[in-house]
>>> print(open('run25.txt').read())   # compact mmCIF, C-alpha atoms (C1' of nucleotides)
# COMPACT_ATOMS: atom_id res chain seq x y z
CA MET A 123 95.02 3.84 9.55
CA ALA A 124 91.30 3.65 10.11
CA LEU A 125 88.92 0.78 9.53
CA ILE A 126 86.81 2.81 7.12
CA SER A 127 87.56 5.76 4.85
CA LYS A 128 86.68 9.34 5.61
CA SER A 129 84.07 9.12 2.87
CA SER A 130 82.41 6.26 4.72
CA GLU A 131 82.55 8.17 8.00
CA TYR A 132 80.76 11.07 6.36
CA GLY A 133 78.24 8.77 4.70
CA LEU A 134 77.44 7.07 8.00
CA ARG A 135 77.10 10.34 9.86
CA ALA A 136 74.80 11.73 7.21
CA ALA A 137 72.64 8.60 7.19
CA LEU A 138 72.36 8.81 10.98
CA TYR A 139 71.55 12.49 10.75
CA ILE A 140 68.70 11.81 8.37
CA ALA A 141 67.43 8.80 10.29
CA ALA A 142 67.54 10.60 13.63
CA ARG A 143 65.48 13.48 12.25
CA PRO A 144 62.15 13.77 14.06
CA ASP A 145 60.09 14.61 10.95
CA GLU A 146 60.21 12.72 7.71
CA ALA A 147 60.95 15.64 5.41
CA HIS A 148 63.88 15.71 3.04
CA VAL A 149 67.10 17.04 4.51
CA SER A 150 69.36 19.28 2.45
CA VAL A 151 73.05 18.61 1.98
CA ARG A 152 73.66 22.23 2.90
CA GLU A 153 72.13 21.73 6.33
CA MET A 154 74.01 18.52 7.00
CA SER A 155 77.35 19.87 5.84
CA ALA A 156 76.91 22.92 8.07
CA GLN A 157 75.69 21.02 11.13
CA MET A 158 78.36 18.34 10.92
CA ASP A 159 81.16 20.53 9.56
CA ILE A 160 81.75 18.49 6.43
CA SER A 161 82.69 19.91 3.02
CA PHE A 162 79.44 20.54 1.15
CA HIS A 163 80.58 19.40 -2.29
CA PHE A 164 82.40 16.38 -0.97
CA LEU A 165 79.42 15.27 1.07
CA THR A 166 77.22 15.78 -1.98
CA LYS A 167 79.22 13.29 -3.97
CA ILE A 168 79.20 10.71 -1.20
CA LEU A 169 75.43 10.98 -0.84
CA GLN A 170 75.07 10.62 -4.60
CA ARG A 171 76.76 7.24 -4.37
CA MET A 172 74.39 6.21 -1.61
CA THR A 173 71.47 7.40 -3.70
CA ARG A 174 72.61 5.41 -6.72
CA ALA A 175 72.95 2.39 -4.44
CA GLY A 176 69.27 2.73 -3.51
CA LEU A 177 69.79 3.67 0.12
CA LEU A 178 68.72 7.30 -0.17
CA ALA A 179 66.08 9.07 -2.23
CA SER A 180 66.88 12.54 -3.51
CA THR A 181 64.66 15.32 -4.77
CA ARG A 182 66.06 18.29 -6.60
CA GLY A 183 64.92 21.86 -6.52
CA ALA A 184 63.56 24.06 -3.79
CA LYS A 185 62.61 22.16 -0.63
CA GLY A 186 64.48 19.23 -2.07
CA GLY A 187 67.03 17.12 -0.27
CA LEU A 188 67.62 13.60 0.84
CA ALA A 189 65.56 11.03 2.65
CA LEU A 190 65.93 7.34 3.38
CA ALA A 191 64.83 5.28 0.39
CA LYS A 192 63.45 2.55 2.66
CA PRO A 193 62.67 1.94 6.33
CA ALA A 194 65.62 2.60 8.63
CA ALA A 195 65.25 -0.93 9.96
CA LYS A 196 66.14 -2.23 6.52
CA ILE A 197 69.36 -0.22 6.14
CA THR A 198 72.52 -1.56 7.76
CA LEU A 199 75.93 -0.08 8.36
CA LEU A 200 77.33 -2.61 5.92
CA ASP A 201 74.95 -1.38 3.20
CA ILE A 202 76.14 2.15 3.72
CA VAL A 203 79.86 1.55 3.91
CA ARG A 204 79.85 -0.79 0.93
CA SER A 205 77.81 1.67 -1.12
CA VAL A 206 80.45 4.29 -0.47
CA GLU A 207 83.71 2.41 -0.74
CA GLY A 208 82.99 -0.78 -2.58
CA ASP A 209 82.33 -4.38 -1.66
CA ASP A 210 85.81 -5.39 -0.52
CA LEU A 211 85.42 -4.22 3.06
CA PHE A 212 85.75 -7.18 5.46
CA ARG A 213 86.89 -9.41 2.65
CA GLU A 214 90.59 -8.58 2.35
CA CYS A 215 93.65 -10.34 3.72
CA ILE A 216 95.17 -8.29 6.53
CA LEU A 217 98.61 -8.69 4.96
CA GLY A 218 97.26 -7.62 1.57
CA LEU A 219 98.03 -10.94 -0.11
CA ALA A 220 95.88 -11.44 -3.18
CA GLY A 221 95.35 -15.18 -3.08
CA CYS A 222 95.03 -15.54 0.68
CA GLY A 223 92.30 -18.00 1.67
CA GLU A 224 91.68 -21.39 3.21
CA LYS A 225 93.80 -23.09 0.57
CA ARG A 226 96.81 -20.80 0.66
CA PRO A 227 96.53 -18.92 3.96
CA CYS A 228 98.88 -16.24 5.22
CA PRO A 229 100.24 -16.53 8.77
CA LEU A 230 97.45 -14.33 10.13
CA HIS A 231 94.59 -15.81 8.14
CA ARG A 232 93.15 -18.03 10.89
CA TYR A 233 93.15 -15.20 13.42
CA TRP A 234 92.17 -12.27 11.24
CA GLY A 235 89.49 -14.32 9.49
CA LYS A 236 87.60 -14.71 12.79
CA GLU A 237 87.79 -11.03 13.70
CA ARG A 238 86.89 -9.95 10.21
CA ALA A 239 83.79 -12.15 10.31
CA ARG A 240 82.82 -10.64 13.69
CA LEU A 241 83.15 -7.14 12.33
CA GLU A 242 81.24 -7.97 9.19
CA LYS A 243 78.45 -9.43 11.30
CA LEU A 244 78.30 -6.36 13.53
CA PHE A 245 78.00 -4.10 10.52
CA ARG A 246 75.47 -6.43 8.87
CA LYS A 247 73.23 -6.65 11.94
CA MET A 248 73.39 -3.02 12.98
CA THR A 249 70.51 -1.05 11.52
CA LEU A 250 70.06 2.64 11.12
CA ALA A 251 66.76 2.33 13.01
CA ARG A 252 68.45 1.06 16.13
CA LEU A 253 71.25 3.60 16.06
CA ALA A 254 68.89 6.49 15.33
CA ARG A 255 66.70 5.49 18.29
CA GLU A 256 69.68 5.37 20.64
CA THR A 257 71.05 8.59 19.23
CA ALA A 258 67.81 10.42 19.94
CA ARG A 259 67.28 8.79 23.35
CA ASP A 260 70.79 9.37 24.67
CA GLY A 261 71.56 12.60 22.85
CA LEU A 262 74.57 11.13 21.09
CA ARG A 263 76.50 13.39 18.80
CA LEU A 264 77.39 13.32 15.11
CA ALA A 265 79.97 16.10 15.14
CA ASP A 266 82.89 17.27 17.27
CA MET B 287 89.88 0.56 3.25
CA ALA B 288 92.11 -1.78 5.17
CA LEU B 289 92.65 -2.08 8.90
CA ILE B 290 96.36 -1.36 8.59
CA SER B 291 98.42 0.56 6.06
CA LYS B 292 100.47 -1.00 3.30
CA SER B 293 103.56 0.06 5.21
CA SER B 294 102.39 -1.99 8.19
CA GLU B 295 101.62 -4.95 5.97
CA TYR B 296 105.17 -4.84 4.65
CA GLY B 297 106.62 -4.39 8.11
CA LEU B 298 104.69 -7.38 9.46
CA ARG B 299 105.64 -9.57 6.54
CA ALA B 300 109.30 -8.66 6.90
CA ALA B 301 109.25 -9.31 10.65
CA LEU B 302 107.69 -12.70 10.02
CA TYR B 303 110.21 -13.42 7.30
CA ILE B 304 113.09 -12.73 9.67
CA ALA B 305 111.52 -14.61 12.58
CA ALA B 306 110.69 -17.63 10.46
CA ARG B 307 114.26 -17.88 9.23
CA PRO B 308 115.89 -21.13 10.39
CA ASP B 309 119.32 -19.61 11.11
CA GLU B 310 119.91 -16.54 13.20
CA ALA B 311 121.98 -14.59 10.67
CA HIS B 312 121.10 -11.11 9.52
CA VAL B 313 118.74 -10.94 6.57
CA SER B 314 119.31 -8.35 3.86
CA VAL B 315 116.57 -5.99 2.70
CA ARG B 316 117.47 -6.96 -0.86
CA GLU B 317 116.62 -10.60 -0.19
CA MET B 318 113.34 -9.79 1.52
CA SER B 319 112.22 -7.31 -1.11
CA ALA B 320 112.96 -9.86 -3.84
CA GLN B 321 111.36 -12.82 -2.10
CA MET B 322 108.22 -10.94 -1.09
CA ASP B 323 108.01 -8.66 -4.14
CA ILE B 324 108.13 -5.41 -2.20
CA SER B 325 109.86 -2.22 -3.37
CA PHE B 326 113.40 -2.34 -2.00
CA HIS B 327 113.73 1.33 -1.06
CA PHE B 328 110.28 1.51 0.42
CA LEU B 329 110.83 -1.58 2.53
CA THR B 330 114.16 -0.15 3.66
CA LYS B 331 112.47 2.90 5.11
CA ILE B 332 109.85 0.86 6.91
CA LEU B 333 112.48 -1.37 8.47
CA GLN B 334 114.41 1.71 9.55
CA ARG B 335 111.41 2.81 11.56
CA MET B 336 111.20 -0.60 13.19
CA THR B 337 114.92 -0.45 13.94
CA ARG B 338 114.61 2.98 15.54
CA ALA B 339 111.72 1.61 17.62
CA GLY B 340 114.02 -1.06 19.01
CA LEU B 341 112.34 -4.04 17.36
CA LEU B 342 115.05 -4.82 14.83
CA ALA B 343 118.84 -4.62 14.94
CA SER B 344 120.63 -3.60 11.77
CA THR B 345 124.24 -4.01 10.70
CA ARG B 346 125.64 -2.12 7.75
CA GLY B 347 128.19 -3.25 5.25
CA ALA B 348 128.92 -6.57 3.60
CA LYS B 349 127.07 -9.48 5.21
CA GLY B 350 124.97 -6.95 6.99
CA GLY B 351 121.21 -6.92 7.27
CA LEU B 352 118.41 -7.06 9.79
CA ALA B 353 117.75 -9.31 12.76
CA LEU B 354 115.30 -9.24 15.63
CA ALA B 355 116.52 -6.97 18.41
CA LYS B 356 115.00 -9.23 21.07
CA PRO B 357 113.44 -12.68 21.40
CA ALA B 358 110.53 -13.26 19.02
CA ALA B 359 108.36 -14.10 22.02
CA LYS B 360 108.79 -10.53 23.23
CA ILE B 361 107.69 -8.87 19.98
CA THR B 362 103.96 -8.47 19.31
CA LEU B 363 102.00 -7.47 16.27
CA LEU B 364 100.96 -4.34 18.10
CA ASP B 365 104.61 -3.40 18.66
CA ILE B 366 105.28 -3.72 14.97
CA VAL B 367 102.26 -1.92 13.61
CA ARG B 368 102.57 0.94 16.07
CA SER B 369 106.25 1.33 15.32
CA VAL B 370 105.36 1.74 11.66
CA GLU B 371 102.25 3.87 11.71
CA GLY B 372 102.09 5.51 15.08
CA ASP B 373 100.31 4.88 18.33
CA ASP B 374 96.78 5.79 17.29
CA LEU B 375 95.86 2.38 15.92
CA PHE B 376 92.94 0.90 17.89
CA ARG B 377 92.39 4.19 19.66
CA GLU B 378 90.36 6.19 17.15
CA CYS B 379 86.63 6.82 16.90
CA ILE B 380 85.20 4.91 13.97
CA LEU B 381 83.33 8.04 12.84
CA GLY B 382 86.51 10.09 13.12
CA LEU B 383 85.13 12.38 15.83
CA ALA B 384 87.93 13.99 17.80
CA GLY B 385 86.36 14.13 21.25
CA CYS B 386 84.55 10.80 21.14
CA GLY B 387 84.77 8.94 24.43
CA GLU B 388 82.73 7.78 27.39
CA LYS B 389 81.70 11.34 28.20
CA ARG B 390 80.66 12.43 24.74
CA PRO B 391 80.17 9.23 22.76
CA CYS B 392 79.22 8.97 19.11
CA PRO B 393 76.34 6.67 18.13
CA LEU B 394 78.75 3.82 17.43
CA HIS B 395 81.02 4.27 20.43
CA ARG B 396 79.57 1.52 22.61
CA TYR B 397 79.73 -1.03 19.79
CA TRP B 398 82.97 -0.07 18.14
CA GLY B 399 84.71 0.35 21.47
CA LYS B 400 84.21 -3.35 22.24
CA GLU B 401 85.46 -4.54 18.88
CA ARG B 402 88.37 -2.17 18.94
CA ALA B 403 89.41 -3.52 22.34
CA ARG B 404 89.18 -7.09 21.02
CA LEU B 405 91.37 -6.24 18.07
CA GLU B 406 93.87 -4.42 20.22
CA LYS B 407 94.06 -7.43 22.54
CA LEU B 408 94.59 -9.83 19.65
CA PHE B 409 97.45 -7.71 18.34
CA ARG B 410 98.87 -7.28 21.83
CA LYS B 411 98.83 -10.99 22.63
CA MET B 412 100.03 -12.29 19.30
CA THR B 413 103.78 -12.77 19.29
CA LEU B 414 106.16 -13.14 16.42
CA ALA B 415 107.39 -16.37 18.01
CA ARG B 416 104.01 -18.03 17.78
CA LEU B 417 103.34 -16.90 14.24
CA ALA B 418 106.82 -17.85 13.05
CA ARG B 419 106.39 -21.35 14.55
CA GLU B 420 103.05 -21.84 12.80
CA THR B 421 104.40 -20.38 9.59
CA ALA B 422 107.26 -22.88 9.52
CA ARG B 423 105.11 -25.83 10.64
CA ASP B 424 102.26 -25.27 8.20
CA GLY B 425 104.22 -23.78 5.33
CA LEU B 426 102.26 -20.56 5.39
CA ARG B 427 103.16 -17.93 2.86
CA LEU B 428 104.34 -14.33 3.04
CA ALA B 429 103.89 -13.44 -0.63
CA ASP B 430 101.35 -13.95 -3.40
C1' DC C 29 144.23 -0.48 2.21
C1' DC C 30 140.73 -1.31 -1.46
C1' DT C 31 136.57 -2.96 -3.07
C1' DA C 32 132.14 -4.79 -2.99
C1' DT C 33 128.20 -4.92 -0.20
C1' DT C 34 124.82 -3.18 2.62
C1' DT C 35 121.97 0.07 5.63
C1' DA C 36 120.84 5.33 6.47
C1' DA C 37 118.77 9.25 4.91
C1' DG C 38 116.90 12.65 2.20
C1' DA C 39 115.09 14.45 -2.33
C1' DC C 40 111.84 13.74 -5.65
C1' DA C 41 107.83 11.44 -8.35
C1' DT C 42 103.45 9.07 -8.62
C1' DT C 43 99.03 7.83 -7.13
C1' DG C 44 94.65 7.68 -4.85
C1' DA C 45 91.76 10.00 -1.43
C1' DT C 46 90.06 14.18 -0.19
C1' DG C 47 88.43 18.73 -1.06
C1' DT C 48 86.86 22.88 -4.19
C1' DC C 49 84.59 25.05 -7.93
C1' DC C 50 81.60 25.70 -11.84
C1' DT C 51 77.64 24.58 -14.80
C1' DA C 52 73.39 21.97 -15.83
C1' DA C 53 69.00 20.07 -14.55
C1' DT C 54 65.06 20.04 -11.62
C1' DT C 55 61.42 21.81 -8.56
C1' DA C 56 58.52 24.79 -5.28
C1' DT C 57 56.68 29.09 -4.94
C1' DA C 58 55.53 33.79 -5.86
C1' DT D 69 56.48 32.30 -16.17
C1' DA D 70 60.38 33.86 -13.45
C1' DT D 71 63.20 33.14 -9.55
C1' DA D 72 65.46 31.00 -5.93
C1' DA D 73 66.81 26.70 -4.09
C1' DT D 74 68.63 22.39 -4.55
C1' DT D 75 70.80 17.95 -6.36
C1' DA D 76 73.82 15.97 -10.43
C1' DG D 77 78.04 15.74 -12.38
C1' DG D 78 82.39 16.86 -14.14
C1' DA D 79 86.85 19.44 -13.99
C1' DC D 80 90.38 20.63 -11.25
C1' DA D 81 93.36 21.30 -6.82
C1' DT D 82 95.50 19.63 -2.65
C1' DC D 83 97.36 16.36 0.39
C1' DA D 84 99.07 12.14 2.38
C1' DA D 85 100.65 7.52 1.26
C1' DT D 86 103.33 5.04 -1.66
C1' DG D 87 107.18 4.34 -4.59
C1' DT D 88 111.89 5.68 -6.86
C1' DC D 89 116.47 7.47 -7.03
C1' DT D 90 120.87 9.25 -5.41
C1' DT D 91 124.52 9.88 -2.11
C1' DA D 92 126.72 8.93 2.35
C1' DA D 93 128.35 5.86 5.95
C1' DA D 94 129.74 1.47 7.66
C1' DT D 95 131.68 -3.21 7.34
C1' DA D 96 133.58 -7.81 5.74
C1' DG D 97 137.00 -9.85 3.15
C1' DG D 98 140.67 -10.05 -0.14
>>> encode(input="run25.txt", output="structure tokens")
Amino acid sequence: MALISKSSEYGLRAALYIAARPDEAHVSVREMSAQMDISFHFLTKILQRMTRAGLLASTRGAKGGLALAKPAAKITLLDIVRSVEGDDLFRECILGLAGCGEKRPCPLHRYWGKERARLEKLFRKMTLARLARETARDGLRLAD
Amino acid sequence: MALISKSSEYGLRAALYIAARPDEAHVSVREMSAQMDISFHFLTKILQRMTRAGLLASTRGAKGGLALAKPAAKITLLDIVRSVEGDDLFRECILGLAGCGEKRPCPLHRYWGKERARLEKLFRKMTLARLARETARDGLRLAD
DNA sequence: CCTATTTAAGACATTGATGTCCTAATTATA
DNA sequence: TATAATTAGGACATCAATGTCTTAAATAGG
């Protein structure tokens, strides 16, 4: 099991790819899918969700593609992952119990609640700007 | 997306159910599946994996059922989850990149690596004994 | 020894996530 | 205006996780 879905992984990698781009031009899905070895059509649909969520701006037609819809410093990992797989991430009981909360906690609630909050904070504080800067500076990779 | 699979959730809940039992008798899958509203046959297969992994001891036939194979203080959450869903938990790259590591890190490696280690430690340190004690003391619940 | 009970194990079905394909709409450029 | 490039969107296929069912093996107790 992974913390986030494959769709989210792809969405994050694509967002980083766009943000780490030197120029500001639109990037095509075709290029990203080829460079990162991700299914073109599948990636397309993931990026559509991010576009509908207001994170990306798309232009159709020749020379079209995707760009960030706002400054990279204003886009967080949490924004991206939640735009792709819904708002429940970092809000669920680790044992899957529906009514788990302060009132009716499961045996792991006190422990998992802390870790979950840490993770949520990390994702909420981490911006695309910061990661793109480090990616460019240290030559980090977005594909195998 | 959840941190652990539904199978692991069920396995953890069942382990806690057994450990929190006042007496030391074997507990039947039928009882657990009814009490926690989990599919009987599905739960059976999960508990078989935990039995094969040496965490539970099963006895067939009338009055049979499952019991812990060793003291609850010697069984950790990590033992349980890994017995159910394999040893990769808390070892994977959050972007799903195969070769991600210190040598060829992904943009999130430095951040996720820390959190992943924290989570792994929590699961490695947390024993069934401790959770069962708290569950009994505070009346915590294992079902909705 | 017989019967009811219970786990073991494998076949099969269902479901949700992932992946593929085709057509429509839009846009730059010749 | 015509063409090629590109995203939008829906239909469909595949796969892994989840869930169901059936039979076999083992065991306690009458």
>>> residues_around(input="run25.txt", residues="Leu383 of chain B", least_positions_apart="4", cutoff="12 Å", atoms="all atoms listed in the file", output="list in words")
Lys128, Glu131, Tyr132, Arg135, Met158, Asp159, Ile160, Leu262, Arg263, Leu264, Ala265 and Asp266 of chain A; Arg377, Glu378, Cys379, Gly387, Arg390, Pro391, Cys392, Pro393, Leu394 and His395 of chain B
>>> calpha_fit_and_write(input="run25.txt", fixed="chain B", moving="chain A", output="CSV table (one decimal) with C-alpha atoms, keeping the file's coordinate frame")
chain,number,residue,atom,x,y,z
A,123,MET,CA,89.9,0.6,3.2
A,124,ALA,CA,92.1,-1.7,5.2
A,125,LEU,CA,92.7,-2.1,8.9
A,126,ILE,CA,96.4,-1.3,8.6
A,127,SER,CA,98.4,0.6,6.0
A,128,LYS,CA,100.5,-1.0,3.3
A,129,SER,CA,103.6,0.1,5.2
A,130,SER,CA,102.4,-2.0,8.2
A,131,GLU,CA,101.6,-5.0,6.0
A,132,TYR,CA,105.2,-4.9,4.6
A,133,GLY,CA,106.6,-4.4,8.1
A,134,LEU,CA,104.7,-7.4,9.4
A,135,ARG,CA,105.7,-9.6,6.5
A,136,ALA,CA,109.3,-8.7,6.9
A,137,ALA,CA,109.3,-9.3,10.6
A,138,LEU,CA,107.7,-12.7,10.0
A,139,TYR,CA,110.2,-13.4,7.3
A,140,ILE,CA,113.1,-12.7,9.7
A,141,ALA,CA,111.5,-14.6,12.6
A,142,ALA,CA,110.7,-17.6,10.5
A,143,ARG,CA,114.3,-17.9,9.2
A,144,PRO,CA,115.9,-21.1,10.4
A,145,ASP,CA,119.3,-19.6,11.1
A,146,GLU,CA,119.9,-16.6,13.2
A,147,ALA,CA,122.0,-14.6,10.7
A,148,HIS,CA,121.1,-11.1,9.6
A,149,VAL,CA,118.8,-11.0,6.6
A,150,SER,CA,119.3,-8.4,3.9
A,151,VAL,CA,116.6,-6.0,2.7
A,152,ARG,CA,117.5,-7.0,-0.8
A,153,GLU,CA,116.6,-10.6,-0.2
A,154,MET,CA,113.4,-9.8,1.5
A,155,SER,CA,112.2,-7.3,-1.1
A,156,ALA,CA,113.0,-9.9,-3.8
A,157,GLN,CA,111.4,-12.8,-2.1
A,158,MET,CA,108.2,-10.9,-1.1
A,159,ASP,CA,108.0,-8.7,-4.1
A,160,ILE,CA,108.1,-5.4,-2.2
A,161,SER,CA,109.9,-2.2,-3.4
A,162,PHE,CA,113.4,-2.4,-2.0
A,163,HIS,CA,113.8,1.3,-1.1
A,164,PHE,CA,110.3,1.5,0.4
A,165,LEU,CA,110.8,-1.6,2.5
A,166,THR,CA,114.2,-0.2,3.7
A,167,LYS,CA,112.5,2.9,5.1
A,168,ILE,CA,109.8,0.9,6.9
A,169,LEU,CA,112.5,-1.4,8.5
A,170,GLN,CA,114.4,1.7,9.5
A,171,ARG,CA,111.4,2.8,11.5
A,172,MET,CA,111.2,-0.6,13.2
A,173,THR,CA,114.9,-0.4,13.9
A,174,ARG,CA,114.6,3.0,15.5
A,175,ALA,CA,111.7,1.6,17.6
A,176,GLY,CA,114.0,-1.1,19.0
A,177,LEU,CA,112.3,-4.0,17.4
A,178,LEU,CA,115.0,-4.8,14.8
A,179,ALA,CA,118.8,-4.6,15.0
A,180,SER,CA,120.6,-3.6,11.8
A,181,THR,CA,124.2,-4.0,10.7
A,182,ARG,CA,125.6,-2.2,7.8
A,183,GLY,CA,128.2,-3.3,5.3
A,184,ALA,CA,128.9,-6.6,3.6
A,185,LYS,CA,127.1,-9.5,5.2
A,186,GLY,CA,125.0,-7.0,7.0
A,187,GLY,CA,121.2,-6.9,7.3
A,188,LEU,CA,118.5,-7.1,9.8
A,189,ALA,CA,117.8,-9.3,12.8
A,190,LEU,CA,115.3,-9.2,15.6
A,191,ALA,CA,116.5,-7.0,18.4
A,192,LYS,CA,115.0,-9.2,21.1
A,193,PRO,CA,113.4,-12.7,21.4
A,194,ALA,CA,110.5,-13.2,19.0
A,195,ALA,CA,108.3,-14.1,22.0
A,196,LYS,CA,108.8,-10.5,23.2
A,197,ILE,CA,107.7,-8.8,20.0
A,198,THR,CA,104.0,-8.5,19.3
A,199,LEU,CA,102.0,-7.5,16.2
A,200,LEU,CA,101.0,-4.3,18.1
A,201,ASP,CA,104.6,-3.4,18.6
A,202,ILE,CA,105.3,-3.7,15.0
A,203,VAL,CA,102.2,-1.9,13.6
A,204,ARG,CA,102.6,1.0,16.1
A,205,SER,CA,106.3,1.3,15.3
A,206,VAL,CA,105.4,1.8,11.6
A,207,GLU,CA,102.3,3.9,11.7
A,208,GLY,CA,102.1,5.5,15.0
A,209,ASP,CA,100.3,4.9,18.3
A,210,ASP,CA,96.8,5.8,17.3
A,211,LEU,CA,95.8,2.4,15.9
A,212,PHE,CA,92.9,0.9,17.9
A,213,ARG,CA,92.4,4.2,19.7
A,214,GLU,CA,90.3,6.2,17.2
A,215,CYS,CA,86.6,6.8,16.9
A,216,ILE,CA,85.2,4.9,14.0
A,217,LEU,CA,83.3,8.0,12.9
A,218,GLY,CA,86.5,10.1,13.2
A,219,LEU,CA,85.1,12.4,15.9
A,220,ALA,CA,87.9,14.0,17.8
A,221,GLY,CA,86.4,14.1,21.3
A,222,CYS,CA,84.5,10.8,21.2
A,223,GLY,CA,84.7,8.9,24.5
A,224,GLU,CA,82.7,7.8,27.4
A,225,LYS,CA,81.7,11.3,28.2
A,226,ARG,CA,80.7,12.4,24.8
A,227,PRO,CA,80.2,9.2,22.8
A,228,CYS,CA,79.2,9.0,19.1
A,229,PRO,CA,76.3,6.7,18.2
A,230,LEU,CA,78.7,3.8,17.5
A,231,HIS,CA,81.0,4.3,20.5
A,232,ARG,CA,79.5,1.5,22.6
A,233,TYR,CA,79.7,-1.1,19.8
A,234,TRP,CA,83.0,-0.1,18.2
A,235,GLY,CA,84.7,0.3,21.5
A,236,LYS,CA,84.2,-3.4,22.3
A,237,GLU,CA,85.5,-4.6,18.9
A,238,ARG,CA,88.4,-2.2,19.0
A,239,ALA,CA,89.4,-3.5,22.4
A,240,ARG,CA,89.2,-7.1,21.0
A,241,LEU,CA,91.4,-6.3,18.1
A,242,GLU,CA,93.9,-4.4,20.2
A,243,LYS,CA,94.1,-7.4,22.5
A,244,LEU,CA,94.6,-9.8,19.6
A,245,PHE,CA,97.4,-7.7,18.3
A,246,ARG,CA,98.9,-7.3,21.8
A,247,LYS,CA,98.8,-11.0,22.6
A,248,MET,CA,100.0,-12.3,19.3
A,249,THR,CA,103.8,-12.7,19.3
A,250,LEU,CA,106.2,-13.1,16.4
A,251,ALA,CA,107.4,-16.4,18.0
A,252,ARG,CA,104.0,-18.0,17.8
A,253,LEU,CA,103.3,-16.9,14.2
A,254,ALA,CA,106.8,-17.8,13.0
A,255,ARG,CA,106.4,-21.3,14.5
A,256,GLU,CA,103.1,-21.8,12.8
A,257,THR,CA,104.4,-20.4,9.6
A,258,ALA,CA,107.3,-22.9,9.5
A,259,ARG,CA,105.1,-25.8,10.6
A,260,ASP,CA,102.3,-25.3,8.2
A,261,GLY,CA,104.3,-23.8,5.3
A,262,LEU,CA,102.3,-20.5,5.4
A,263,ARG,CA,103.2,-17.9,2.8
A,264,LEU,CA,104.3,-14.3,3.0
A,265,ALA,CA,103.9,-13.4,-0.6
A,266,ASP,CA,101.3,-13.9,-3.4
>>> closest_atom_pairs(input="run25.txt", of="chain C", to="chain B", cutoff="9 Å", atoms="all atoms listed in the file", output="Markdown table")
| residue | atom | partner | partner_atom | distance |
| --- | --- | --- | --- | --- |
| C:DA32 | C1' | B:Ala348 | CA | 7.5 |
| C:DT33 | C1' | B:Ala348 | CA | 4.2 |
| C:DT34 | C1' | B:Gly347 | CA | 4.3 |
| C:DT35 | C1' | B:Arg346 | CA | 4.8 |
| C:DA36 | C1' | B:Gln334 | CA | 8.0 |
| C:DA37 | C1' | B:Lys331 | CA | 8.9 |
>>> closest_residue(input="run25.txt", among="A:Arg143, A:Lys192, A:Arg171, A:Arg252", to="chain B", atoms="all atoms listed in the file")
A:Arg252
>>> closest_residue(input="run25.txt", among="A:Ile140, A:Cys222, A:Met123, A:Leu250", to="chain D", atoms="all atoms listed in the file")
A:Met123
>>> atom_distance(input="run25.txt", atom1="atom CA of Leu199 of chain A", atom2="atom CA of Ala136 of chain A")
11.9 Å
>>> closest_residue(input="run25.txt", among="A:Met154, A:Arg246, A:Leu211, A:Pro144", to="chain B", atoms="only C-alpha atoms")
A:Leu211
>>> residues_around(input="run25.txt", residues="segment 38-44 of chain C", least_positions_apart="5", cutoff="8 Å", atoms="all atoms listed in the file", output="list of chain:residue names")
D:DT86, D:DG87, D:DT88, D:DC89
>>> atom_distance(input="run25.txt", atom1="atom CA of Ser291 of chain B", atom2="atom CA of Leu364 of chain B")
13.2 Å
>>> residues_near_point(input="run25.txt", point="(79.2, 22.3, -15.0)", cutoff="9 Å", atoms="all atoms listed in the file", output="list in words")
DC50, DT51 and DA52 of chain C; DG77, DG78 and DA79 of chain D
>>> residues_near_point(input="run25.txt", point="(107.2, 1.5, 1.1)", cutoff="6 Å", atoms="only C-alpha atoms (C1' of nucleotides)", output="PDB file with C-alpha atoms (C1' of nucleotides), keeping the file's coordinate frame")
ATOM      1  CA  SER B 293     103.560   0.060   5.210  1.00  0.00           C
ATOM      2  CA  PHE B 328     110.280   1.510   0.420  1.00  0.00           C
ATOM      3  CA  LEU B 329     110.830  -1.580   2.530  1.00  0.00           C
TER       4      LEU B 329
ATOM      5  C1'  DT D  86     103.330   5.040  -1.660  1.00  0.00           C
TER       6       DT D  86
END
>>> atom_distance(input="run25.txt", atom1="atom CA of Val313 of chain B", atom2="atom CA of Glu406 of chain B")
29.1 Å
>>> closest_residue(input="run25.txt", among="A:Thr249, A:Ser155, A:Thr173, A:Thr257", to="chain B", atoms="all atoms listed in the file")
A:Thr257
>>> interface_residues(input="run25.txt", of="chain D", to="chain A", cutoff="12 Å", atoms="only C-alpha atoms (C1' of nucleotides)", output="ChimeraX atom specification")
/D:71-78,84-85
>>> closest_residue(input="run25.txt", among="B:Ser369, B:Ser325, B:Thr362, B:Ser294", to="chain A", atoms="all atoms listed in the file")
B:Ser294
>>> closest_residue(input="run25.txt", among="B:Lys400, B:Gly297, B:Pro357, B:Leu381", to="chain A", atoms="all atoms listed in the file")
B:Leu381
>>> axis_aligned_box(input="run25.txt", around="segment 367-373 of chain B", padding_each_side="4 Å", output="lines of an AutoDock Vina configuration file")
center_x = 103.3
center_y = 1.8
center_z = 15.0
size_x = 13.9
size_y = 15.4
size_z = 14.7
